[in-house]
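In what follows, a single structure is set out as structure tokens and then discussed.
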Amino acid sequence: MEEKLIELISNYQGIPKENITKDSHLIKDLELSSYDIVDLSCEIEDKFNVEIPDDKIKKLQTIGDVINVLHIQ
């Protein structure tokens, strides 16, 4: 799951997969805007067939946070 998530973000943001880790900050490191995070969350929901509640989307800061939300699902 982690590898698929990193690949999805890599394709979305045009960043090499090798530059994305669990500790990568969505805004500071990957330069995602708040709109991008919401849009990407929708793509993650579609790809992984999960629903990420809005209150959890607001708290996502790192790739590790996204992985944790997906594992909870």
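Lettering and numbering for the structure tokens are positional, with chains as A, B, ... in the shown order, residues counted from 1 in each chain, and ligands counted from 1 in the shown order.
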Residues within 8 Å of stretch 55-57 of chain A, please, as a VMD selection string. Count only C-alpha atoms; anything in the same chain fewer than 3 positions from it doesn't count.
chain A and resid 37 to 38 41 52 60 69
What lies within 10 Å of stretch 46-49 of chain A using only C-alpha atoms, ignoring chain neighbours under 6 positions off, as a list of chain:residue names?
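Listed by chain and then number, they are A:Met1, A:Lys4, A:Leu5, A:Leu8, A:Leu40, A:Leu70, A:Gln73.
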May I ask which of the residues A:Leu30, A:Ser24, A:Gln61, A:Val66 is the closest one to A:Asn11, counting only C-alpha atoms?
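Among the listed residues, A:Leu30 lies closest to A:Asn11.
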Residues near A:Glu3, cut-off 12 Å, only C-alpha atoms, skip fewer than 3 positions along chain, as an MDAnalysis selection string
chainID A and resid 6:10 17:18 20:22 63:64 67
Could you save the residues just selected, with N, CA and C atoms, as a CSV table (one decimal), in the first residue's frame?
```
chain,number,residue,atom,x,y,z
A,6,ILE,N,2.9,6.2,-2.6
A,6,ILE,CA,4.0,7.0,-3.1
A,6,ILE,C,4.0,7.2,-4.6
A,7,GLU,N,3.7,6.1,-5.3
A,7,GLU,CA,3.6,6.2,-6.8
A,7,GLU,C,2.5,7.2,-7.2
A,8,LEU,N,1.4,7.1,-6.5
A,8,LEU,CA,0.3,8.0,-6.8
A,8,LEU,C,0.7,9.5,-6.6
A,9,ILE,N,1.3,9.7,-5.5
A,9,ILE,CA,1.7,11.1,-5.2
A,9,ILE,C,2.8,11.6,-6.1
A,10,SER,N,3.7,10.7,-6.5
A,10,SER,CA,4.8,11.0,-7.4
A,10,SER,C,4.2,11.4,-8.8
A,17,LYS,N,9.8,9.1,-7.3
A,17,LYS,CA,9.4,8.3,-6.1
A,17,LYS,C,10.5,8.2,-5.1
A,18,GLU,N,11.7,8.3,-5.6
A,18,GLU,CA,12.9,8.1,-4.7
A,18,GLU,C,13.0,9.3,-3.7
A,20,ILE,N,10.4,10.7,-2.2
A,20,ILE,CA,9.2,10.7,-1.3
A,20,ILE,C,9.4,9.6,-0.2
A,21,THR,N,9.3,10.0,1.0
A,21,THR,CA,9.4,9.0,2.1
A,21,THR,C,8.2,9.2,3.1
A,22,LYS,N,8.1,8.3,4.1
A,22,LYS,CA,7.1,8.4,5.0
A,22,LYS,C,7.1,9.8,5.8
A,63,ILE,N,3.4,11.9,4.6
A,63,ILE,CA,3.0,10.7,3.9
A,63,ILE,C,2.7,9.6,5.0
A,64,GLY,N,3.4,9.6,6.1
A,64,GLY,CA,3.1,8.7,7.2
A,64,GLY,C,1.7,8.9,7.7
A,67,ILE,N,-0.7,7.2,5.3
A,67,ILE,CA,-0.6,5.8,5.5
A,67,ILE,C,-1.3,5.3,6.7
```
Out of A:His25, A:Glu2, A:Glu45, A:Gln13, which residue has the shortest atom-to-atom distance to A:Lys59 when counting only C-alpha atoms?
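Between A:His25, A:Glu2, A:Glu45, A:Gln13, the residue approaching A:Lys59 most closely is A:His25.
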From a backbone DSSP assignment, name each residue in chain A labelled helix (DSSP H, G or I), as a ChimeraX atom specification.
/A:2-13,17-19,34-48,54-57,63-72
Out of A:Asp65, A:His71, A:Tyr35, A:Asp29, which residue has the shortest atom-to-atom distance to A:Glu51 when counting only C-alpha atoms?
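Between A:Asp65, A:His71, A:Tyr35, A:Asp29, the residue approaching A:Glu51 most closely is A:His71.
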